[in-house]
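Q: Take a look at target.cif, mmCIF, C-alpha atoms:
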data_coords
#
loop_
_atom_site.label_atom_id
_atom_site.label_comp_id
_atom_site.auth_asym_id
_atom_site.auth_seq_id
_atom_site.Cartn_x
_atom_site.Cartn_y
_atom_site.Cartn_z
CA MET A 1 -16.28 -26.87 139.55
CA LYS A 2 -19.76 -26.28 140.99
CA MET A 3 -21.39 -22.95 140.04
CA LEU A 4 -24.83 -21.53 140.83
CA ILE A 5 -25.77 -20.81 137.20
CA ASN A 6 -27.95 -22.19 134.42
CA VAL A 7 -25.59 -22.06 131.44
CA PRO A 8 -22.52 -19.84 130.88
CA GLU A 9 -24.14 -18.15 127.89
CA THR A 10 -26.93 -16.55 129.97
CA VAL A 11 -25.15 -15.82 133.24
CA VAL A 12 -25.01 -12.03 132.75
CA ALA A 13 -28.60 -11.72 131.53
CA ASP A 14 -29.82 -13.91 134.39
CA ALA A 15 -27.99 -11.72 136.91
CA LEU A 16 -29.45 -8.54 135.42
CA ARG A 17 -32.97 -9.95 135.63
CA GLY A 18 -32.41 -10.67 139.30
CA MET A 19 -30.97 -7.22 139.88
CA ALA A 20 -34.04 -5.61 138.30
CA LEU A 21 -36.33 -7.56 140.62
CA ALA A 22 -34.26 -6.78 143.72
CA HIS A 23 -33.79 -3.07 143.01
CA PRO A 24 -36.87 -1.33 141.59
CA ASP A 25 -35.11 2.03 142.03
CA LEU A 26 -33.00 1.07 138.97
CA THR A 27 -33.97 0.80 135.33
CA VAL A 28 -32.36 -2.39 134.08
CA ASP A 29 -32.35 -2.98 130.33
CA VAL A 30 -31.49 -6.68 130.21
CA GLU A 31 -31.45 -6.95 126.43
CA ASN A 32 -29.14 -3.98 125.86
CA ARG A 33 -27.13 -4.49 129.07
CA VAL A 34 -27.52 -1.03 130.60
CA VAL A 35 -28.36 -0.18 134.24
CA VAL A 36 -29.61 3.38 134.89
CA ARG A 37 -30.80 5.22 137.99
CA ARG A 38 -34.57 5.48 137.60
CA ASP A 39 -34.76 9.29 137.86
CA ALA A 40 -32.22 9.88 135.06
CA PRO A 41 -31.61 12.26 133.45
CA VAL A 42 -31.53 14.67 136.38
CA ALA A 43 -31.94 18.29 135.22
CA GLY A 44 -28.70 20.25 135.27
CA LYS A 45 -26.65 17.32 136.57
CA VAL A 46 -23.54 15.84 134.97
CA GLY A 47 -24.04 12.15 134.21
CA LEU A 48 -21.48 9.56 135.31
CA VAL A 49 -21.18 6.39 133.22
CA SER A 50 -18.86 3.48 133.85
CA GLY A 51 -18.74 -0.18 133.03
CA GLY A 52 -16.58 -3.17 132.36
CA GLY A 53 -16.68 -6.91 132.26
CA SER A 54 -19.07 -8.70 134.56
CA GLY A 55 -17.57 -10.75 137.38
CA HIS A 56 -16.44 -7.77 139.47
CA GLU A 57 -19.73 -7.25 141.32
CA PRO A 58 -20.85 -5.00 142.84
CA LEU A 59 -18.65 -2.96 140.47
CA HIS A 60 -20.15 -1.26 138.41
CA ALA A 61 -23.92 -1.74 138.41
CA GLY A 62 -24.00 -1.96 142.19
CA PHE A 63 -22.78 1.64 142.34
CA VAL A 64 -25.60 3.17 140.26
CA GLY A 65 -27.76 5.60 142.19
CA PRO A 66 -27.88 9.06 143.82
CA GLY A 67 -24.42 10.24 144.81
CA MET A 68 -22.51 7.87 142.56
CA LEU A 69 -22.97 6.54 139.00
CA SER A 70 -25.83 7.55 136.74
CA ALA A 71 -25.49 4.39 134.64
CA ALA A 72 -23.36 1.29 134.20
CA CYS A 73 -22.72 -1.00 131.25
CA PRO A 74 -21.96 -4.64 132.16
CA GLY A 75 -20.09 -6.59 129.51
CA GLU A 76 -19.75 -10.33 129.32
CA VAL A 77 -17.61 -11.90 132.05
CA PHE A 78 -14.20 -10.17 132.06
CA THR A 79 -15.05 -8.57 128.69
CA SER A 80 -15.51 -4.88 127.94
CA PRO A 81 -18.98 -3.54 127.15
CA VAL A 82 -19.42 -2.68 123.46
CA PRO A 83 -19.61 0.96 122.31
CA ASP A 84 -23.36 0.77 121.61
CA GLN A 85 -24.01 -0.01 125.29
CA VAL A 86 -22.00 2.98 126.43
CA VAL A 87 -23.64 5.34 123.91
CA ARG A 88 -27.08 4.15 125.02
CA ALA A 89 -26.14 4.78 128.67
CA ALA A 90 -24.81 8.26 127.90
CA ALA A 91 -27.99 9.20 126.05
CA ALA A 92 -30.12 7.94 128.94
CA VAL A 93 -28.40 10.10 131.56
CA ASP A 94 -27.48 13.26 129.62
CA SER A 95 -29.41 16.31 130.85
CA GLY A 96 -27.44 18.69 128.66
CA ALA A 97 -24.75 19.16 131.32
CA GLY A 98 -22.49 16.52 129.80
CA VAL A 99 -21.36 13.01 130.76
CA LEU A 100 -18.17 11.76 132.39
CA PHE A 101 -16.91 8.29 131.42
CA VAL A 102 -14.99 6.50 134.20
CA VAL A 103 -12.79 3.92 132.46
CA LYS A 104 -10.53 1.32 134.04
CA ASN A 105 -7.22 1.01 132.23
CA TYR A 106 -7.73 -2.23 130.31
CA THR A 107 -7.20 -2.27 126.56
CA GLY A 108 -10.72 -3.33 125.61
CA ASP A 109 -12.36 -0.83 127.94
CA VAL A 110 -10.18 2.02 126.70
CA LEU A 111 -10.83 1.29 123.02
CA ASN A 112 -14.58 0.80 123.40
CA PHE A 113 -15.16 3.83 125.62
CA ASP A 114 -13.07 5.97 123.25
CA MET A 115 -15.21 4.85 120.32
CA ALA A 116 -18.39 5.42 122.35
CA ALA A 117 -17.23 8.95 123.21
CA GLU A 118 -16.85 9.77 119.52
CA LEU A 119 -20.29 8.36 118.70
CA ALA A 120 -21.98 10.12 121.63
CA GLU A 121 -20.41 13.45 120.71
CA GLU A 122 -21.69 13.03 117.15
CA GLU A 123 -25.15 12.78 118.72
CA GLY A 124 -24.63 16.05 120.62
CA VAL A 125 -23.59 14.73 124.04
CA ARG A 126 -20.59 16.44 125.65
CA ILE A 127 -18.20 13.77 126.90
CA ALA A 128 -15.24 13.86 129.29
CA LYS A 129 -13.21 10.80 130.28
CA VAL A 130 -11.01 9.78 133.19
CA LEU A 131 -8.77 6.71 133.13
CA VAL A 132 -8.30 4.79 136.38
CA ASP A 133 -4.80 3.25 136.65
CA ASP A 134 -4.04 2.75 140.34
CA ASP A 135 -2.45 -0.72 140.50
CA VAL A 136 1.21 -0.64 141.57
CA ALA A 137 1.93 -4.35 141.14
CA VAL A 138 2.73 -4.48 137.42
CA THR A 139 3.30 -1.87 134.72
CA ASP A 140 2.08 -3.87 131.73
CA SER A 141 -0.05 -7.01 131.74
CA LEU A 142 -2.01 -9.36 129.53
CA TYR A 143 -4.88 -6.89 129.56
CA THR A 144 -3.37 -3.43 129.46
CA ALA A 145 -0.58 -1.06 128.60
CA GLY A 146 0.41 0.76 131.74
CA ARG A 147 -1.03 0.27 135.20
CA ARG A 148 -4.31 -1.57 135.68
CA GLY A 149 -7.45 0.05 137.05
CA THR A 150 -8.62 -1.68 140.23
CA GLY A 151 -9.87 -0.62 143.67
CA ALA A 152 -9.48 3.14 143.17
CA THR A 153 -12.39 2.94 140.73
CA LEU A 154 -14.70 2.95 143.74
CA PHE A 155 -13.12 6.13 145.12
CA VAL A 156 -13.32 7.88 141.74
CA GLU A 157 -16.97 6.94 141.20
CA LYS A 158 -18.02 7.90 144.73
CA ILE A 159 -16.20 11.21 145.02
CA ALA A 160 -16.84 12.41 141.46
CA GLY A 161 -20.42 11.20 141.82
CA ALA A 162 -20.90 13.35 144.90
CA ALA A 163 -19.55 16.40 143.06
CA ALA A 164 -21.95 15.77 140.18
CA GLU A 165 -24.85 15.33 142.61
CA GLU A 166 -24.08 18.79 144.04
CA GLY A 167 -24.33 20.30 140.57
CA ALA A 168 -20.66 20.79 139.74
CA PRO A 169 -20.02 21.41 136.02
CA LEU A 170 -18.48 18.73 133.79
CA GLU A 171 -15.00 20.26 133.86
CA ARG A 172 -14.98 20.31 137.66
CA VAL A 173 -16.30 16.75 137.98
CA GLU A 174 -13.61 15.57 135.55
CA ALA A 175 -10.88 17.42 137.46
CA ILE A 176 -11.99 15.88 140.76
CA ALA A 177 -12.05 12.40 139.23
CA ARG A 178 -8.52 12.88 137.91
CA GLN A 179 -7.34 14.17 141.28
CA VAL A 180 -8.72 11.11 143.04
CA ASN A 181 -7.11 8.71 140.57
CA GLY A 182 -3.78 10.50 140.87
CA SER A 183 -3.99 10.27 144.65
CA ALA A 184 -4.81 6.53 144.84
CA ARG A 185 -2.79 3.30 144.64
CA SER A 186 -3.70 -0.39 145.02
CA PHE A 187 -2.11 -3.81 145.49
CA GLY A 188 -3.88 -7.18 145.32
CA VAL A 189 -3.16 -10.68 146.58
CA ALA A 190 -4.75 -13.99 145.53
CA LEU A 191 -4.96 -17.00 147.80
CA ALA A 192 -6.76 -19.00 145.11
CA ALA A 193 -7.44 -18.38 141.42
CA CYS A 194 -10.93 -17.58 140.17
CA THR A 195 -13.08 -19.69 137.85
CA THR A 196 -14.93 -18.21 134.89
CA PRO A 197 -18.32 -19.70 133.91
CA ALA A 198 -17.15 -20.39 130.36
CA LYS A 199 -13.92 -22.16 131.32
CA GLY A 200 -15.10 -23.92 134.47
CA SER A 201 -11.57 -24.24 135.84
CA PRO A 202 -9.05 -21.91 137.53
CA THR A 203 -7.73 -19.08 135.35
CA PHE A 204 -4.12 -19.61 136.44
CA ASP A 205 -2.10 -22.26 138.24
CA LEU A 206 -1.60 -21.60 141.93
CA PRO A 207 -0.13 -24.64 143.69
CA PRO A 208 -1.41 -25.61 147.15
CA GLY A 209 0.31 -23.70 149.91
CA GLU A 210 1.22 -20.73 147.70
CA LEU A 211 -0.25 -17.28 147.02
CA GLU A 212 0.02 -14.79 144.16
CA LEU A 213 1.28 -11.28 144.94
CA GLY A 214 0.17 -8.39 142.76
CA VAL A 215 -2.81 -10.09 141.16
CA GLY A 216 -5.26 -8.24 138.89
CA ILE A 217 -9.06 -8.44 138.84
CA HIS A 218 -9.46 -10.54 135.69
CA GLY A 219 -7.92 -13.73 136.98
CA GLU A 220 -4.54 -12.78 135.56
CA PRO A 221 -1.44 -13.65 137.56
CA GLY A 222 0.54 -11.02 139.45
CA ARG A 223 4.19 -10.22 139.99
CA GLU A 224 5.26 -13.40 141.81
CA GLN A 225 4.20 -16.52 143.69
CA ARG A 226 5.37 -17.20 147.24
CA PRO A 227 4.67 -19.74 149.97
CA MET A 228 1.55 -18.86 151.96
CA MET A 229 2.03 -15.93 154.33
CA THR A 230 0.18 -14.80 157.45
CA SER A 231 -2.25 -11.91 157.39
CA ARG A 232 0.38 -9.83 159.15
CA GLU A 233 3.03 -10.65 156.55
CA ILE A 234 0.68 -9.96 153.63
CA ALA A 235 -0.25 -6.59 155.13
CA ASP A 236 3.43 -5.69 155.52
CA PHE A 237 4.11 -6.54 151.87
CA ALA A 238 0.99 -4.97 150.31
CA VAL A 239 1.05 -1.73 152.31
CA GLU A 240 4.78 -1.33 151.70
CA ALA A 241 4.19 -1.56 147.93
CA VAL A 242 1.37 1.01 148.03
CA VAL A 243 2.97 3.51 150.41
CA GLU A 244 6.35 3.43 148.68
CA ASP A 245 4.64 4.43 145.44
CA LEU A 246 2.04 6.88 146.81
CA ARG A 247 4.15 8.45 149.60
CA PRO A 248 1.11 10.09 151.24
CA SER A 249 1.59 13.37 153.08
CA SER A 250 -2.02 13.77 154.22
CA PRO A 251 -4.70 11.42 155.60
CA VAL A 252 -5.93 8.58 153.42
CA LEU A 253 -9.09 6.71 152.66
CA LEU A 254 -8.49 2.98 153.09
CA LEU A 255 -10.29 0.25 151.16
CA VAL A 256 -9.66 -3.31 152.29
CA ASN A 257 -11.35 -5.14 149.46
CA GLY A 258 -12.30 -8.79 149.19
CA MET A 259 -11.80 -10.52 145.85
CA GLY A 260 -15.05 -12.47 146.11
CA ALA A 261 -14.44 -15.55 148.28
CA THR A 262 -12.74 -14.28 151.43
CA PRO A 263 -14.95 -14.10 154.55
CA LEU A 264 -15.44 -10.80 156.34
CA LEU A 265 -13.96 -12.41 159.45
CA GLU A 266 -10.64 -12.64 157.62
CA LEU A 267 -10.97 -9.24 155.90
CA TYR A 268 -11.54 -7.41 159.19
CA GLY A 269 -8.53 -9.16 160.72
CA PHE A 270 -6.48 -8.14 157.70
CA ALA A 271 -7.78 -4.56 158.02
CA ALA A 272 -6.42 -4.45 161.56
CA GLU A 273 -3.00 -5.48 160.25
CA VAL A 274 -3.15 -2.85 157.50
CA HIS A 275 -3.91 -0.18 160.11
CA ARG A 276 -0.94 -1.40 162.15
CA VAL A 277 1.46 -1.01 159.21
CA LEU A 278 0.09 2.42 158.31
CA ALA A 279 0.43 3.59 161.91
CA GLU A 280 4.03 2.35 161.99
CA ARG A 281 4.69 4.43 158.87
CA GLY A 282 2.96 7.51 160.27
CA VAL A 283 0.10 7.43 157.75
CA ALA A 284 -3.19 8.73 159.20
CA VAL A 285 -6.36 6.94 158.11
CA ALA A 286 -9.40 9.19 157.72
CA ARG A 287 -11.96 6.51 156.76
CA THR A 288 -11.92 2.72 156.35
CA LEU A 289 -14.15 0.60 154.12
CA VAL A 290 -14.00 -3.20 154.37
CA GLY A 291 -15.81 -5.71 152.17
CA ASP A 292 -16.32 -7.09 148.67
CA TYR A 293 -16.50 -4.11 146.31
CA VAL A 294 -14.19 -4.78 143.33
CA THR A 295 -14.12 -8.54 142.97
CA SER A 296 -12.87 -11.26 140.65
CA LEU A 297 -15.67 -13.86 140.66
CA ASP A 298 -14.80 -16.52 143.26
CA MET A 299 -11.18 -15.55 143.84
CA ALA A 300 -9.96 -15.88 147.41
CA GLY A 301 -7.79 -12.94 148.33
CA CYS A 302 -7.80 -9.23 149.05
CA SER A 303 -6.52 -5.88 147.90
CA VAL A 304 -5.47 -2.69 149.62
CA THR A 305 -6.27 0.73 148.16
CA LEU A 306 -5.17 4.03 149.65
CA CYS A 307 -6.41 7.42 148.47
CA GLN A 308 -4.79 10.58 149.82
CA VAL A 309 -7.48 13.18 150.56
CA ASP A 310 -7.77 16.85 151.38
CA GLU A 311 -10.75 18.42 153.17
CA GLU A 312 -12.78 18.74 149.97
CA LEU A 313 -12.26 15.14 148.83
CA LEU A 314 -13.07 13.86 152.32
CA ARG A 315 -16.26 15.94 152.37
CA LEU A 316 -17.31 14.49 149.02
CA TRP A 317 -16.52 10.97 150.24
CA ASP A 318 -18.76 11.52 153.27
CA ALA A 319 -21.57 13.01 151.15
CA PRO A 320 -24.82 11.00 150.93
CA VAL A 321 -24.92 8.02 148.58
CA GLU A 322 -27.72 5.56 147.84
CA THR A 323 -26.82 2.58 145.67
CA SER A 324 -27.42 -1.14 146.06
CA ALA A 325 -23.86 -1.73 147.29
CA LEU A 326 -22.90 1.55 148.98
CA ARG A 327 -25.22 3.77 150.98
CA TRP A 328 -24.98 6.26 153.80
CA GLY A 329 -26.23 9.70 154.77
CA ARG A 330 -29.62 9.65 153.02
#
Could you quickly redo this structure as structure tokens?

A:
Amino acid sequence: MKMLINVPETVVADALRGMALAHPDLTVDVENRVVVRRDAPVAGKVGLVSGGGSGHEPLHAGFVGPGMLSAACPGEVFTSPVPDQVVRAAAAVDSGAGVLFVVKNYTGDVLNFDMAAELAEEEGVRIAKVLVDDDVAVTDSLYTAGRRGTGATLFVEKIAGAAAEEGAPLERVEAIARQVNGSARSFGVALAACTTPAKGSPTFDLPPGELELGVGIHGEPGREQRPMMTSREIADFAVEAVVEDLRPSSPVLLLVNGMGATPLLELYGFAAEVHRVLAERGVAVARTLVGDYVTSLDMAGCSVTLCQVDEELLRLWDAPVETSALRWGR
């Protein structure tokens, strides 16, 4: 398998060096694997810290900046950051107003962020945590107990980040983050497995002419394999799974997310099909975001995330944001 890397052992450090050069508005600590917005800590502002295994870019480091995350901790590929990284990030962004940890529900992430919270609190930093568990495809997997955290992570980080930017206190930012997670559901589909730098071969067996329904973002298989389906058929299946679980009664934010190797031409066509299914079900779409945001290296495929919003959540979604991967309004 051809990959644009030097050696697997340095792929994360190499990427962070490139990120530092491309985005001087960020402070990138390559050695300690922490990415921080350059003006942190911001006086009186709650800090938002997230992180996870590398390979999901732009999640999380691509979402560091005004209106979103204060810092991100990239682990090795598909591997949780260690507690020391998270503690260092919390210390870098704490203004005295406290820090919210946004944690995807994967066992390693949960354990390491919990340990980091204890260590940070021993150093005098107030910590709150929110667990993202939006995936409706499987209840338990190779990586987690309970539902996996996937595309809704973007909605949590953006909306809670906007609240923090406005000066909301830690308890309010935490409550908003929990509301967003509770109002969001996701479903993913793989057309081809991804390839990790260390392994150099596909992470699971997907025969030619078949797809994987309910896939996660770490190259793990989903709920079932089926013969290849059309964009229309995939939209019917994925949206049905999400809507049946969420049962939205108010407008939704829609994320049509690429897994890393699907062209925008195909994603926009799929987005049209998703809108068709939602309209048939009477679900109003307030905003639509299409592109690669929560990826799985070079996996071909897509995911659908819906987040039910009220006027306040929609206002916070529309609020200005300025990160390397998401920006509007500034």

Q: Convert the output of the PyMOL selection byres ((chain A and resi 222) around 8) on the shown file into explicit residues, formatted as a list in words.

A: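 Selection result, ordered by chain and number: Ala137, Val138, Glu212, Leu213, Gly214, Val215, Gly216, Glu220, Pro221, Arg223, Glu224 and Gln225 of chain A.
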
Q: Rank nothing, just name the residue among A:Leu253, A:Ile127, A:Ala300, A:Gly260 nearest to Leu191 (chain A), using only C-alpha atoms.

A: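 Smallest distance to Leu191 (chain A) is found for A:Ala300.
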
Q: Give as a list of chain:residue names every residue, naming chains and numbers as the document does, that has an atom within 10 Å of (-7.8, -4.4, 125.4), counting only C-alpha atoms.

A: A:Thr79, A:Ser80, A:Asn105, A:Tyr106, A:Thr107, A:Gly108, A:Asp109, A:Val110, A:Leu111, A:Asn112, A:Leu142, A:Tyr143, A:Thr144, A:Ala145

Q: Using all atoms listed in the file, which of A:Gly52, A:Gly44, A:Pro169, A:Gly124 sits nearest Leu100 (chain A)?

A: A:Pro169

Q: Expand the PyMOL selection byres ((chain A and resi 61-70) around 9) into the individual residues it matches in the shown file, reporting them as a VMD selection string.

A: chain A and resid 25 to 26 34 to 38 40 to 41 46 to 51 57 to 60 71 to 74 89 to 90 92 to 93 154 157 to 166 293 319 to 327

Q: Name the residues captured by the PyMOL selection byres ((chain A and resi 181) around 8) when it is applied to the shown file; answer as a list in words.

A: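 Here the PyMOL selection byres ((chain A and resi 181) around 8) matches Leu131, Val132, Asp133, Asp134, Ala152, Thr153, Phe155, Val156, Ala177, Arg178, Gln179, Val180, Gly182, Ser183 and Ala184 of chain A.
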